[in-house]
Amino acid sequence: MGKSMHHDTTTLARYVPDLAKDKFHVWITKYHYVPMIVLGVILLALGGLPLLLWGIFLRTVVGLHATWLVNSATHSWGSRRFVTRDLSTNSWWVAVLTFGEGWHNNHHAHPVSARHGLRWYEVDMNWYGIWALKKLGLAHEVYRVKLSELRRQEEEEKEQVAAAPAHQELVSV
Ligand SMILES: [Zn+2]
């Protein structure tokens, strides 16, 4: 599996320099297993082995598989809204399992956008959470792709295709 991102503070410092300066987040990145062990001990004390298995091991396995589905399933099945240099797709069922990460073609086309679901029907629970944090003043400078800009681009592309009908034939040769 190689080096996991979640405890690689050098990589995180590049992408989230503000969090890399925050003492709590530096600590939790290094010692991410501590809350898990504490919770595990509490669950074991409260409900024995079954509660520990459901509350720690099963949810971890389900969570990891759902995460990996993003880079496997949504590079194999689904629809493609944007022409990207990869095989990324949008998949509603991966989006359901991953709270919105399944809108993966949208993500590849707009990699730094916090919002992945770009249509009203593209349910993106992660974005709703970030949006709520922003409204509460707990998240700042959240970048998201502007939907109005996107619509304008799509209109322009449609007009270009309509203006040059022979273009597609040339490309497919
Ligand atoms: Zn991808």
# chains A, B, ... in the order shown; residues from 1 in each chain; ligands from 1

$ residues_near_ligand --ligand "ligand 1" --cutoff "8 Å" --atoms "only C-alpha atoms and all ligand atoms" --output "PyMOL selection string"
chain A and resi 70-72+74-75+86-88+104-105+107-108

$ write_last_selection --atoms "C-alpha atoms" --output "mmCIF file, in the first residue's frame"
data_model
loop_
_atom_site.group_PDB
_atom_site.id
_atom_site.type_symbol
_atom_site.label_atom_id
_atom_site.label_comp_id
_atom_site.auth_asym_id
_atom_site.auth_seq_id
_atom_site.Cartn_x
_atom_site.Cartn_y
_atom_site.Cartn_z
ATOM 1 C CA VAL A 70 -13.624 6.205 -5.980
ATOM 2 C CA ASN A 71 -10.337 5.397 -7.713
ATOM 3 C CA SER A 72 -11.468 2.063 -9.160
ATOM 4 C CA THR A 74 -15.305 5.749 -10.995
ATOM 5 C CA HIS A 75 -12.481 5.126 -13.430
ATOM 6 C CA ASP A 86 -8.180 10.229 -17.788
ATOM 7 C CA LEU A 87 -11.059 7.752 -17.601
ATOM 8 C CA SER A 88 -12.783 9.371 -14.618
ATOM 9 C CA HIS A 104 -15.313 11.928 -9.750
ATOM 10 C CA ASN A 105 -15.274 13.186 -13.352
ATOM 11 C CA HIS A 107 -13.520 16.345 -9.475
ATOM 12 C CA HIS A 108 -10.918 15.528 -12.132
#

$ residues_around --residues "range 34-43 of chain A" --least-positions-apart "4" --cutoff "8 Å" --atoms "only C-alpha atoms" --output "PyMOL selection string"
chain A and resi 47-48+51-52+55-56

$ write_last_selection --atoms "N, CA and C atoms" --output "mmCIF file, in the first residue's frame"
data_model
loop_
_atom_site.group_PDB
_atom_site.id
_atom_site.type_symbol
_atom_site.label_atom_id
_atom_site.label_comp_id
_atom_site.auth_asym_id
_atom_site.auth_seq_id
_atom_site.Cartn_x
_atom_site.Cartn_y
_atom_site.Cartn_z
ATOM 1 N N GLY A 47 -19.809 -2.842 25.404
ATOM 2 C CA GLY A 47 -20.594 -3.888 24.730
ATOM 3 C C GLY A 47 -19.820 -5.137 24.372
ATOM 4 N N GLY A 48 -18.599 -5.257 24.863
ATOM 5 C CA GLY A 48 -17.806 -6.443 24.583
ATOM 6 C C GLY A 48 -17.323 -6.497 23.141
ATOM 7 N N LEU A 51 -19.571 -5.205 19.946
ATOM 8 C CA LEU A 51 -19.604 -3.755 19.750
ATOM 9 C C LEU A 51 -18.269 -3.241 19.188
ATOM 10 N N LEU A 52 -17.166 -3.831 19.655
ATOM 11 C CA LEU A 52 -15.847 -3.443 19.141
ATOM 12 C C LEU A 52 -15.739 -3.783 17.654
ATOM 13 N N GLY A 55 -18.195 -1.392 15.726
ATOM 14 C CA GLY A 55 -17.865 0.025 15.868
ATOM 15 C C GLY A 55 -16.493 0.432 15.363
ATOM 16 N N ILE A 56 -15.554 -0.504 15.308
ATOM 17 C CA ILE A 56 -14.204 -0.165 14.843
ATOM 18 C C ILE A 56 -13.877 -0.911 13.546
#

$ residues_around --residues "range 135-145 of chain A" --least-positions-apart "4" --cutoff "9 Å" --atoms "only C-alpha atoms" --output "PDB file with C-alpha atoms, in the first residue's frame"
ATOM      1  CA  HIS A 110     -12.081  20.810 -11.301  1.00  0.00           C
ATOM      2  CA  VAL A 112      -9.396  22.099  -6.335  1.00  0.00           C
ATOM      3  CA  SER A 113     -13.148  22.641  -6.056  1.00  0.00           C
ATOM      4  CA  ALA A 114     -14.539  21.685  -2.643  1.00  0.00           C
ATOM      5  CA  ARG A 115     -17.861  21.020  -4.325  1.00  0.00           C
ATOM      6  CA  HIS A 116     -18.030  17.842  -6.455  1.00  0.00           C
ATOM      7  CA  LEU A 118     -22.347  20.267  -9.754  1.00  0.00           C
ATOM      8  CA  ILE A 130     -18.319  22.303   4.144  1.00  0.00           C
ATOM      9  CA  TRP A 131     -21.023  24.815   3.181  1.00  0.00           C
ATOM     10  CA  GLU A 149     -19.259  30.118 -15.107  1.00  0.00           C
ATOM     11  CA  LEU A 150     -19.595  26.420 -15.831  1.00  0.00           C
TER      12      LEU A 150
END
